[in-house]
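Novice: Pasting model-v1.cif below, which is mmCIF, C-alpha atoms.
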data_model
loop_
_atom_site.group_PDB
_atom_site.id
_atom_site.type_symbol
_atom_site.label_atom_id
_atom_site.label_comp_id
_atom_site.auth_asym_id
_atom_site.auth_seq_id
_atom_site.Cartn_x
_atom_site.Cartn_y
_atom_site.Cartn_z
ATOM 1 C CA MET E 149 63.204 103.641 50.087
ATOM 2 C CA LEU E 150 65.124 103.343 46.837
ATOM 3 C CA VAL E 151 66.688 106.539 45.480
ATOM 4 C CA THR E 152 64.818 106.066 42.204
ATOM 5 C CA ASN E 153 61.614 105.583 44.197
ATOM 6 C CA LYS E 154 62.228 108.945 45.858
ATOM 7 C CA VAL E 155 62.413 110.636 42.462
ATOM 8 C CA ARG E 156 58.760 109.795 41.856
ATOM 9 C CA ILE E 157 57.791 110.601 45.451
ATOM 10 C CA GLN E 158 59.248 114.090 44.999
ATOM 11 C CA ARG E 159 56.963 114.654 42.007
ATOM 12 C CA LEU E 160 53.991 114.090 44.312
ATOM 13 C CA PHE E 161 55.079 115.832 47.475
ATOM 14 C CA GLN E 162 56.167 119.453 47.496
ATOM 15 C CA HIS E 163 58.073 119.998 50.768
ATOM 16 C CA GLY E 164 56.492 116.800 52.068
ATOM 17 C CA LYS E 165 52.886 117.817 51.361
ATOM 18 C CA CYS E 166 50.409 116.803 48.660
ATOM 19 C CA LEU E 167 46.911 117.455 47.359
ATOM 20 C CA ASP E 168 45.857 114.549 45.146
ATOM 21 C CA VAL E 169 42.497 115.135 43.424
ATOM 22 C CA ALA E 170 40.857 111.792 42.690
ATOM 23 C CA ILE E 171 38.633 111.462 39.641
ATOM 24 C CA ASP E 172 38.945 107.676 39.301
ATOM 25 C CA HIS E 173 35.346 107.102 40.450
ATOM 26 C CA GLY E 174 34.113 105.700 37.137
ATOM 27 C CA ILE E 175 35.686 102.376 38.050
ATOM 28 C CA ALA E 176 33.132 101.916 40.873
ATOM 29 C CA ASN E 177 30.208 101.466 38.440
ATOM 30 C CA GLU E 178 28.030 103.596 40.725
ATOM 31 C CA PRO E 179 25.949 106.401 39.115
ATOM 32 C CA ASP E 180 26.084 108.780 42.098
ATOM 33 C CA PHE E 181 29.879 108.882 41.876
ATOM 34 C CA LEU E 182 29.682 110.231 38.326
ATOM 35 C CA ILE E 183 27.752 113.385 39.207
ATOM 36 C CA GLY E 184 30.147 116.168 38.255
ATOM 37 C CA LEU E 185 32.311 113.835 36.150
ATOM 38 C CA GLU E 186 30.033 113.508 33.133
ATOM 39 C CA ASN E 187 32.439 115.580 31.017
ATOM 40 C CA ILE E 188 35.650 114.164 32.400
ATOM 41 C CA ALA E 189 37.793 115.823 29.718
ATOM 42 C CA GLY E 190 36.490 119.213 30.824
ATOM 43 C CA VAL E 191 37.009 118.315 34.491
ATOM 44 C CA MET E 192 40.579 117.306 33.735
ATOM 45 C CA ASP E 193 41.317 120.539 31.876
ATOM 46 C CA ASN E 194 39.973 122.596 34.784
ATOM 47 C CA LEU E 195 41.969 120.613 37.329
ATOM 48 C CA ILE E 196 45.195 120.932 35.350
ATOM 49 C CA ALA E 197 44.646 124.689 35.292
ATOM 50 C CA ALA E 198 44.021 124.660 39.062
ATOM 51 C CA GLN E 199 47.373 122.881 39.629
ATOM 52 C CA PRO E 200 46.921 120.499 42.552
ATOM 53 C CA ASP E 201 50.002 118.392 43.252
ATOM 54 C CA ALA E 202 48.504 115.267 41.682
ATOM 55 C CA ILE E 203 45.473 113.898 39.878
ATOM 56 C CA GLN E 204 44.346 110.303 40.447
ATOM 57 C CA VAL E 205 42.735 108.422 37.561
ATOM 58 C CA ASN E 206 42.413 105.005 35.993
ATOM 59 C CA TYR E 207 44.365 103.912 32.929
ATOM 60 C CA GLY E 208 41.539 104.678 30.520
ATOM 61 C CA GLN E 209 41.467 108.370 31.475
ATOM 62 C CA ALA E 210 45.179 108.956 32.108
ATOM 63 C CA ASP E 211 45.747 110.170 28.555
ATOM 64 C CA LEU E 212 43.653 113.266 29.340
ATOM 65 C CA LEU E 213 46.377 114.339 31.764
ATOM 66 C CA GLN E 214 49.494 113.073 30.055
ATOM 67 C CA ARG E 215 48.731 114.484 26.605
ATOM 68 C CA VAL E 216 49.045 117.994 28.063
ATOM 69 C CA ALA E 217 52.447 119.619 27.611
ATOM 70 C CA GLY E 218 54.140 121.850 30.149
ATOM 71 C CA ARG E 219 53.710 122.080 33.901
ATOM 72 C CA LYS E 220 50.958 119.831 35.199
ATOM 73 C CA PRO E 221 50.032 117.734 38.234
ATOM 74 C CA ALA E 222 51.656 114.351 38.758
ATOM 75 C CA LEU E 223 49.716 111.228 37.794
ATOM 76 C CA VAL E 224 48.573 108.734 40.437
ATOM 77 C CA MET E 225 47.099 105.635 38.770
ATOM 78 C CA ARG E 226 44.621 103.256 40.340
ATOM 79 C CA THR E 227 45.427 99.606 39.753
ATOM 80 C CA ASP E 228 42.371 97.729 41.055
ATOM 81 C CA VAL E 229 38.640 97.414 40.502
ATOM 82 C CA GLY E 230 35.963 95.869 42.718
ATOM 83 C CA ASN E 231 32.334 95.982 43.787
ATOM 84 C CA ALA E 232 32.603 97.302 47.355
ATOM 85 C CA TYR E 233 31.181 100.751 46.592
ATOM 86 C CA ASN E 234 27.865 99.740 45.072
ATOM 87 C CA ALA E 235 24.666 100.721 46.867
ATOM 88 C CA ALA E 236 23.351 97.147 46.929
ATOM 89 C CA ARG E 237 25.034 94.311 48.800
ATOM 90 C CA HIS E 238 26.461 91.633 46.507
ATOM 91 C CA ARG E 239 26.394 87.882 47.029
ATOM 92 C CA GLU E 240 30.080 87.796 46.175
ATOM 93 C CA MET E 241 32.548 90.558 47.033
ATOM 94 C CA TRP E 242 35.664 90.897 44.912
ATOM 95 C CA ALA E 243 38.623 93.163 44.190
ATOM 96 C CA VAL E 244 41.065 92.402 41.384
ATOM 97 C CA LEU E 245 43.968 94.091 39.654
ATOM 98 C CA HIS E 246 43.374 95.484 36.179
ATOM 99 C CA ASN E 247 46.349 93.507 34.914
ATOM 100 C CA PRO E 248 47.477 90.842 37.397
ATOM 101 C CA ASP E 249 50.336 89.672 35.167
ATOM 102 C CA GLU E 250 51.863 93.150 34.679
ATOM 103 C CA PRO E 251 50.178 95.173 37.430
ATOM 104 C CA ILE E 252 52.076 98.439 36.976
ATOM 105 C CA LEU E 253 52.855 98.255 33.251
ATOM 106 C CA ALA E 254 50.164 100.827 32.402
ATOM 107 C CA ALA E 255 51.446 103.160 35.134
ATOM 108 C CA LEU E 256 54.964 102.943 33.722
ATOM 109 C CA GLN E 257 53.735 103.548 30.190
ATOM 110 C CA MET E 258 51.784 106.623 31.343
ATOM 111 C CA ASP E 259 54.673 107.931 33.478
ATOM 112 C CA ALA E 260 52.786 107.767 36.767
ATOM 113 C CA ALA E 261 54.388 109.067 39.943
ATOM 114 C CA ALA E 262 52.649 106.416 42.090
ATOM 115 C CA VAL E 263 50.069 103.633 41.974
ATOM 116 C CA VAL E 264 47.193 103.117 44.409
ATOM 117 C CA VAL E 265 45.342 99.996 45.554
ATOM 118 C CA ASN E 266 42.599 99.255 48.114
ATOM 119 C CA LEU E 267 42.786 97.176 51.286
ATOM 120 C CA TYR E 268 39.156 96.505 52.234
ATOM 121 C CA LEU E 269 38.113 95.295 55.670
ATOM 122 C CA ILE E 270 34.396 94.458 55.351
ATOM 123 C CA PRO E 271 32.520 92.576 58.106
ATOM 124 C CA ASP E 272 31.872 88.923 57.226
ATOM 125 C CA GLU E 273 33.706 89.252 53.891
ATOM 126 C CA PRO E 274 37.118 87.593 54.390
ATOM 127 C CA GLY E 275 37.354 86.728 50.698
ATOM 128 C CA ILE E 276 37.712 90.299 49.490
ATOM 129 C CA PHE E 277 40.247 90.977 52.238
ATOM 130 C CA ARG E 278 42.369 88.053 51.020
ATOM 131 C CA MET E 279 42.114 89.299 47.429
ATOM 132 C CA CYS E 280 43.345 92.731 48.520
ATOM 133 C CA VAL E 281 46.352 91.255 50.319
ATOM 134 C CA GLU E 282 47.186 89.197 47.230
ATOM 135 C CA ASN E 283 46.844 92.299 45.037
ATOM 136 C CA ILE E 284 49.209 94.232 47.276
ATOM 137 C CA GLY E 285 51.748 91.411 47.185
ATOM 138 C CA ARG E 286 51.809 91.435 43.384
ATOM 139 C CA LEU E 287 52.035 95.216 43.292
ATOM 140 C CA ARG E 288 54.779 95.425 45.906
ATOM 141 C CA GLN E 289 56.964 93.054 43.908
ATOM 142 C CA ALA E 290 56.428 95.016 40.688
ATOM 143 C CA CYS E 291 56.900 98.362 42.443
ATOM 144 C CA ASP E 292 60.216 97.206 43.891
ATOM 145 C CA ARG E 293 61.377 96.097 40.459
ATOM 146 C CA TYR E 294 60.597 99.394 38.768
ATOM 147 C CA ALA E 295 60.957 101.860 41.667
ATOM 148 C CA MET E 296 57.271 102.840 41.696
ATOM 149 C CA PRO E 297 55.816 104.234 44.948
ATOM 150 C CA LEU E 298 52.883 102.210 46.272
ATOM 151 C CA MET E 299 49.923 103.983 47.878
ATOM 152 C CA ILE E 300 47.681 101.661 49.886
ATOM 153 C CA GLU E 301 44.135 102.695 50.797
ATOM 154 C CA PRO E 302 43.092 100.779 53.949
ATOM 155 C CA LEU E 303 39.317 101.072 54.350
ATOM 156 C CA VAL E 304 37.347 99.908 57.364
ATOM 157 C CA MET E 305 33.869 99.459 55.920
ATOM 158 C CA ALA E 306 30.553 99.543 57.776
ATOM 159 C CA PRO E 307 28.481 96.386 58.296
ATOM 160 C CA ALA E 308 25.472 95.983 56.050
ATOM 161 C CA GLY E 309 22.561 98.042 57.300
ATOM 162 C CA GLN E 310 24.648 100.811 58.874
ATOM 163 C CA GLY E 311 24.086 103.772 56.606
ATOM 164 C CA ALA E 312 25.124 103.523 52.973
ATOM 165 C CA ALA E 313 26.147 100.060 51.874
ATOM 166 C CA TYR E 314 29.792 99.528 52.712
ATOM 167 C CA GLY E 315 30.302 103.109 53.841
ATOM 168 C CA SER E 316 33.644 103.589 55.577
ATOM 169 C CA LEU E 317 33.911 104.036 59.330
ATOM 170 C CA GLY E 318 35.940 106.528 61.343
ATOM 171 C CA ASP E 319 36.604 104.123 64.240
ATOM 172 C CA VAL E 320 40.214 104.801 65.233
ATOM 173 C CA GLU E 321 40.498 101.446 67.018
ATOM 174 C CA LYS E 322 39.833 99.689 63.702
ATOM 175 C CA ILE E 323 41.606 102.125 61.382
ATOM 176 C CA VAL E 324 44.950 102.030 63.204
ATOM 177 C CA PRO E 325 45.487 98.221 62.974
ATOM 178 C CA LEU E 326 44.521 98.200 59.293
ATOM 179 C CA VAL E 327 46.863 101.089 58.541
ATOM 180 C CA ARG E 328 49.603 99.261 60.410
ATOM 181 C CA LEU E 329 48.923 96.182 58.280
ATOM 182 C CA ALA E 330 49.153 98.278 55.114
ATOM 183 C CA ARG E 331 52.559 99.519 56.245
ATOM 184 C CA GLU E 332 53.650 95.978 57.106
ATOM 185 C CA LEU E 333 52.698 94.944 53.555
ATOM 186 C CA GLY E 334 54.973 97.635 52.129
ATOM 187 C CA ALA E 335 53.030 100.876 51.701
ATOM 188 C CA ASP E 336 55.150 103.870 50.694
ATOM 189 C CA ILE E 337 52.133 106.165 51.108
ATOM 190 C CA ILE E 338 48.930 105.641 53.102
ATOM 191 C CA LYS E 339 45.537 107.017 52.087
ATOM 192 C CA ALA E 340 43.343 106.707 55.174
ATOM 193 C CA ASP E 341 39.899 107.732 56.322
ATOM 194 C CA PRO E 342 39.752 110.542 58.872
ATOM 195 C CA THR E 343 39.047 109.415 62.414
ATOM 196 C CA GLU E 344 35.645 110.248 63.868
ATOM 197 C CA ASN E 345 37.438 112.367 66.466
ATOM 198 C CA VAL E 346 39.923 114.451 64.468
ATOM 199 C CA GLU E 347 42.236 114.666 67.470
ATOM 200 C CA ASP E 348 42.843 110.903 67.191
ATOM 201 C CA PHE E 349 44.264 111.109 63.673
ATOM 202 C CA HIS E 350 47.860 111.413 64.909
ATOM 203 C CA ARG E 351 47.563 107.746 65.893
ATOM 204 C CA VAL E 352 46.939 106.855 62.247
ATOM 205 C CA VAL E 353 50.001 108.860 61.186
ATOM 206 C CA GLU E 354 52.132 107.131 63.802
ATOM 207 C CA ALA E 355 50.954 103.683 62.669
ATOM 208 C CA ALA E 356 51.659 104.516 59.009
ATOM 209 C CA ARG E 357 55.288 105.600 59.485
ATOM 210 C CA CYS E 358 55.174 107.035 55.967
ATOM 211 C CA PRO E 359 53.400 109.982 54.293
ATOM 212 C CA THR E 360 49.733 109.790 55.258
ATOM 213 C CA LEU E 361 47.040 111.360 53.100
ATOM 214 C CA VAL E 362 43.433 111.788 54.206
ATOM 215 C CA ARG E 363 40.660 110.223 52.148
ATOM 216 C CA GLY E 364 37.766 112.565 51.467
ATOM 217 C CA GLY E 365 34.793 110.248 50.998
ATOM 218 C CA GLY E 366 31.379 111.703 50.133
ATOM 219 C CA LYS E 367 30.756 115.371 49.472
ATOM 220 C CA GLY E 368 30.409 117.522 52.588
ATOM 221 C CA GLU E 369 29.501 121.133 53.334
ATOM 222 C CA LEU E 370 32.528 123.148 52.224
ATOM 223 C CA ALA E 371 33.179 125.196 55.374
ATOM 224 C CA GLY E 372 33.146 122.014 57.437
ATOM 225 C CA VAL E 373 35.382 120.174 54.988
ATOM 226 C CA LEU E 374 37.974 122.960 55.058
ATOM 227 C CA THR E 375 37.918 123.273 58.859
ATOM 228 C CA LYS E 376 38.299 119.518 59.262
ATOM 229 C CA SER E 377 41.094 119.430 56.681
ATOM 230 C CA ALA E 378 43.077 122.055 58.595
ATOM 231 C CA ALA E 379 42.582 120.132 61.836
ATOM 232 C CA LEU E 380 43.804 116.901 60.208
ATOM 233 C CA MET E 381 46.920 118.647 58.921
ATOM 234 C CA ALA E 382 47.576 119.778 62.499
ATOM 235 C CA GLN E 383 47.436 116.101 63.521
ATOM 236 C CA GLY E 384 50.304 115.252 61.168
ATOM 237 C CA ALA E 385 48.611 114.439 57.868
ATOM 238 C CA SER E 386 50.774 115.002 54.785
ATOM 239 C CA GLY E 387 47.821 116.139 52.691
ATOM 240 C CA MET E 388 44.562 115.009 51.189
ATOM 241 C CA VAL E 389 43.141 112.738 48.483
ATOM 242 C CA TYR E 390 39.802 114.393 47.774
ATOM 243 C CA GLY E 391 37.448 113.579 44.928
ATOM 244 C CA ARG E 392 33.766 114.344 45.434
ATOM 245 C CA ASN E 393 34.733 117.097 47.880
ATOM 246 C CA VAL E 394 36.371 118.821 44.914
ATOM 247 C CA TYR E 395 34.619 117.898 41.680
ATOM 248 C CA GLN E 396 31.056 117.919 43.062
ATOM 249 C CA HIS E 397 31.307 121.454 44.423
ATOM 250 C CA ASP E 398 30.184 124.485 42.413
ATOM 251 C CA ASN E 399 33.706 125.714 41.681
ATOM 252 C CA PRO E 400 36.281 122.883 41.881
ATOM 253 C CA SER E 401 39.182 125.172 40.936
ATOM 254 C CA ARG E 402 38.494 127.400 43.928
ATOM 255 C CA VAL E 403 38.225 124.364 46.204
ATOM 256 C CA VAL E 404 41.679 123.276 44.994
ATOM 257 C CA LYS E 405 43.034 126.746 45.731
ATOM 258 C CA ALA E 406 41.592 126.682 49.251
ATOM 259 C CA LEU E 407 42.906 123.182 49.986
ATOM 260 C CA MET E 408 46.351 124.018 48.627
ATOM 261 C CA ALA E 409 46.461 126.976 51.027
ATOM 262 C CA ILE E 410 45.681 124.659 53.959
ATOM 263 C CA ILE E 411 48.161 121.990 52.909
ATOM 264 C CA HIS E 412 51.085 124.113 51.760
ATOM 265 C CA GLN E 413 50.648 127.403 53.597
ATOM 266 C CA GLY E 414 49.071 126.293 56.866
ATOM 267 C CA ALA E 415 45.879 128.269 56.312
ATOM 268 C CA SER E 416 43.047 127.770 58.802
ATOM 269 C CA GLY E 417 39.636 126.524 57.746
ATOM 270 C CA PRO E 418 38.043 129.999 57.878
ATOM 271 C CA ASP E 419 40.981 131.536 55.997
ATOM 272 C CA ALA E 420 40.701 128.844 53.318
ATOM 273 C CA LEU E 421 36.961 129.469 53.012
ATOM 274 C CA GLU E 422 37.705 133.165 52.453
ATOM 275 C CA ILE E 423 40.203 132.207 49.743
ATOM 276 C CA TYR E 424 37.483 130.109 48.103
ATOM 277 C CA GLN E 425 34.945 132.926 48.286
ATOM 278 C CA GLN E 426 37.341 135.509 46.900
ATOM 279 C CA GLY E 427 38.292 133.250 44.008
#
Go through the file and emit its structure as structure tokens.
Specialist:
Amino acid sequence: MLVTNKVRIQRLFQHGKCLDVAIDHGIANEPDFLIGLENIAGVMDNLIAAQPDAIQVNYGQADLLQRVAGRKPALVMRTDVGNAYNAARHREMWAVLHNPDEPILAALQMDAAAVVVNLYLIPDEPGIFRMCVENIGRLRQACDRYAMPLMIEPLVMAPAGQGAAYGSLGDVEKIVPLVRLARELGADIIKADPTENVEDFHRVVEAARCPTLVRGGGKGELAGVLTKSAALMAQGASGMVYGRNVYQHDNPSRVVKALMAIIHQGASGPDALEIYQQG
């Protein structure tokens, strides 16, 4: 990794650990994702006050973070948009970069600490997989030129008819090869789904061979989320990228506090829940 690349990495990871709160869900064009994000300026202000390590947004909302002076979370900027998260199956699946000609220009202008892009593996949809690989190739070249860390989000999606449309799967036998591919394509950071059996997650970390953050997915019951988060950290995760499991809970700031205790202080799930309850 380039020395200048490490400068940005260090803004994300405190002692090798990171909580990245994702509020980039507006790009999915899915109403359910926006519950809790209706007043995104207010959400941003509350998150900045809560002080996670990073906040993940799209270009159009990044100003809400970067206009704030003083100590604040690092910016992680999403670079792609697609239709894989919609509730209905589409005739044509696609994933494209916001700006294919200058794919990280906006991130540089907004002083991002990293950029993130998807790598979708959807049954019977090789076209979107190819698009993702092409996106990553363009990003990797630009990231090398400007010393920008690249976070790749490899997602093994469910076949149509299995639960929510294109919901992600926790099958370790499918996650590990896709994570390995993401690393082969040049990931500096991996954002991966948790394995169905938490005790298998160390295999994902080993395949990544770089900092590995856990993707949160849909909102879960808080005690369970915190217990699972602590168990994933014990398997070698470097932290979490949680969105709905933060902003859709009753008190997102307290959720951040509880997760930061797990990630940076080694708190157990029950201890983190007590931190949340005590405020």
Novice: So that I can check the surroundings of Asp292 (chain E), please list as a list in words every protein, DNA and RNA residue that reaches within 9 Å of it, counting only C-alpha atoms and ignoring chain neighbours fewer than 4 positions away.
Specialist: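 Everything that qualifies: Leu150, Asn153, Leu287, Arg288, Met296 and Pro297 of chain E.
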Novice: So what do you get for CA of Ala243 (chain E) versus CA of Val229 (chain E), distance-wise?
Specialist: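 Straight-line distance from CA of Ala243 (chain E) to CA of Val229 (chain E) works out to 5.6 Å.
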Novice: Using the chain letters and numbers from the file, which residues does the PyMOL selection byres ((chain E and resi 417) around 12) grab, as JSON, numbers by chain?
Specialist: {"E": [370, 371, 372, 373, 374, 375, 376, 377, 378, 379, 380, 381, 382, 403, 406, 407, 408, 409, 410, 411, 413, 414, 415, 416, 418, 419, 420, 421, 422, 423, 424]}
Novice: Could those selected residues go to a file with C-alpha atoms, as an mmCIF file, keeping the file's coordinate frame?
Specialist:
data_model
loop_
_atom_site.group_PDB
_atom_site.id
_atom_site.type_symbol
_atom_site.label_atom_id
_atom_site.label_comp_id
_atom_site.auth_asym_id
_atom_site.auth_seq_id
_atom_site.Cartn_x
_atom_site.Cartn_y
_atom_site.Cartn_z
ATOM 1 C CA LEU E 370 32.528 123.148 52.224
ATOM 2 C CA ALA E 371 33.179 125.196 55.374
ATOM 3 C CA GLY E 372 33.146 122.014 57.437
ATOM 4 C CA VAL E 373 35.382 120.174 54.988
ATOM 5 C CA LEU E 374 37.974 122.960 55.058
ATOM 6 C CA THR E 375 37.918 123.273 58.859
ATOM 7 C CA LYS E 376 38.299 119.518 59.262
ATOM 8 C CA SER E 377 41.094 119.430 56.681
ATOM 9 C CA ALA E 378 43.077 122.055 58.595
ATOM 10 C CA ALA E 379 42.582 120.132 61.836
ATOM 11 C CA LEU E 380 43.804 116.901 60.208
ATOM 12 C CA MET E 381 46.920 118.647 58.921
ATOM 13 C CA ALA E 382 47.576 119.778 62.499
ATOM 14 C CA VAL E 403 38.225 124.364 46.204
ATOM 15 C CA ALA E 406 41.592 126.682 49.251
ATOM 16 C CA LEU E 407 42.906 123.182 49.986
ATOM 17 C CA MET E 408 46.351 124.018 48.627
ATOM 18 C CA ALA E 409 46.461 126.976 51.027
ATOM 19 C CA ILE E 410 45.681 124.659 53.959
ATOM 20 C CA ILE E 411 48.161 121.990 52.909
ATOM 21 C CA GLN E 413 50.648 127.403 53.597
ATOM 22 C CA GLY E 414 49.071 126.293 56.866
ATOM 23 C CA ALA E 415 45.879 128.269 56.312
ATOM 24 C CA SER E 416 43.047 127.770 58.802
ATOM 25 C CA PRO E 418 38.043 129.999 57.878
ATOM 26 C CA ASP E 419 40.981 131.536 55.997
ATOM 27 C CA ALA E 420 40.701 128.844 53.318
ATOM 28 C CA LEU E 421 36.961 129.469 53.012
ATOM 29 C CA GLU E 422 37.705 133.165 52.453
ATOM 30 C CA ILE E 423 40.203 132.207 49.743
ATOM 31 C CA TYR E 424 37.483 130.109 48.103
#
Novice: Nearest to Leu185 (chain E) among E:Ala198, E:Ile171, E:Gly230, E:Gly427, with distances taken over all atoms listed in the file: which residue is it?
Specialist: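 Ranked by minimum distance to Leu185 (chain E), first place goes to E:Ile171.
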Novice: Which residue out of E:Gln289, E:Gln162, E:Asn247, E:Gln426 has the minimum interatomic distance to Tyr207 (chain E) when all atoms listed in the file are used?
Specialist: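 Selected residue with least distance to Tyr207 (chain E): E:Asn247.
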Novice: Using the chain letters and numbering of this document, enumerate as an MDAnalysis selection string the residues selected by the PyMOL selection byres ((chain E and resi 337-346) around 9).
Specialist: chainID E and resid 264 297:304 316:320 323 327 330:331 335:336 347:350 352:353 356:365 376 379:380 383 388:389
Novice: For Ala261 (chain E), which residue out of E:Glu273, E:Asp168, E:Glu240, E:Glu186 is the nearest one, using all atoms listed in the file?
Specialist: E:Asp168
Novice: Carefully work through the PyMOL selection byres ((chain E and resi 204) around 8) for this structure and note down the residues it includes, as a list in words.
Specialist: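 Evaluating the PyMOL selection byres ((chain E and resi 204) around 8) on this file yields Asp168, Val169, Ala170, Ile171, Asp172, Ala202, Ile203, Val205, Asn206, Leu223, Val224, Met225 and Arg226 of chain E.
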Novice: Just checking: using all atoms listed in the file, which residue out of E:Ala189, E:Ala260, E:Leu182, E:Ala217 ends up closest to Ala295 (chain E)?
Specialist: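 Once distances to Ala295 (chain E) are computed over all atoms listed in the file, the minimum belongs to E:Ala260.
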Novice: Quick one, how far is CA of Leu329 (chain E) from CA of Pro307 (chain E)?
Specialist: 20.4 Å
Novice: Between CA of Ala232 (chain E) and CA of Gly285 (chain E), what is the spacing in Å?
Specialist: 20.0 Å
Novice: Tell me which of E:His397, E:Lys154, E:Lys165, E:His173 sits closest to Ile188 (chain E), counting all atoms listed in the file.
Specialist: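 Ranking E:His397, E:Lys154, E:Lys165, E:His173 by distance to Ile188 (chain E), first place goes to E:His173.
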Novice: Write out as a VMD selection string the residues lying within 12 Å of Asp398 (chain E), counting only C-alpha atoms and excluding same-chain residues fewer than 5 positions away.
Specialist: chain E and resid 183 to 184 367 369 to 370 392 to 393 403 to 404 424 to 425
Novice: Box for region 169-183 of chain E: with edges along x, y and z, all listed atoms inside and 3 Å added on each side, what are the centre and edge lengths in Å to one decimal, as AutoDock Vina command-line options?
Specialist:
--center_x 34.2 --center_y 108.3 --center_z 40.3 --size_x 22.5 --size_y 19.7 --size_z 12.3
Novice: Could you check the closest approach to Phe161 (chain E) for each of E:Ala262, E:Ile270, E:Ile276, E:Met305 and tell me which residue wins, using only C-alpha atoms?
Specialist: E:Ala262
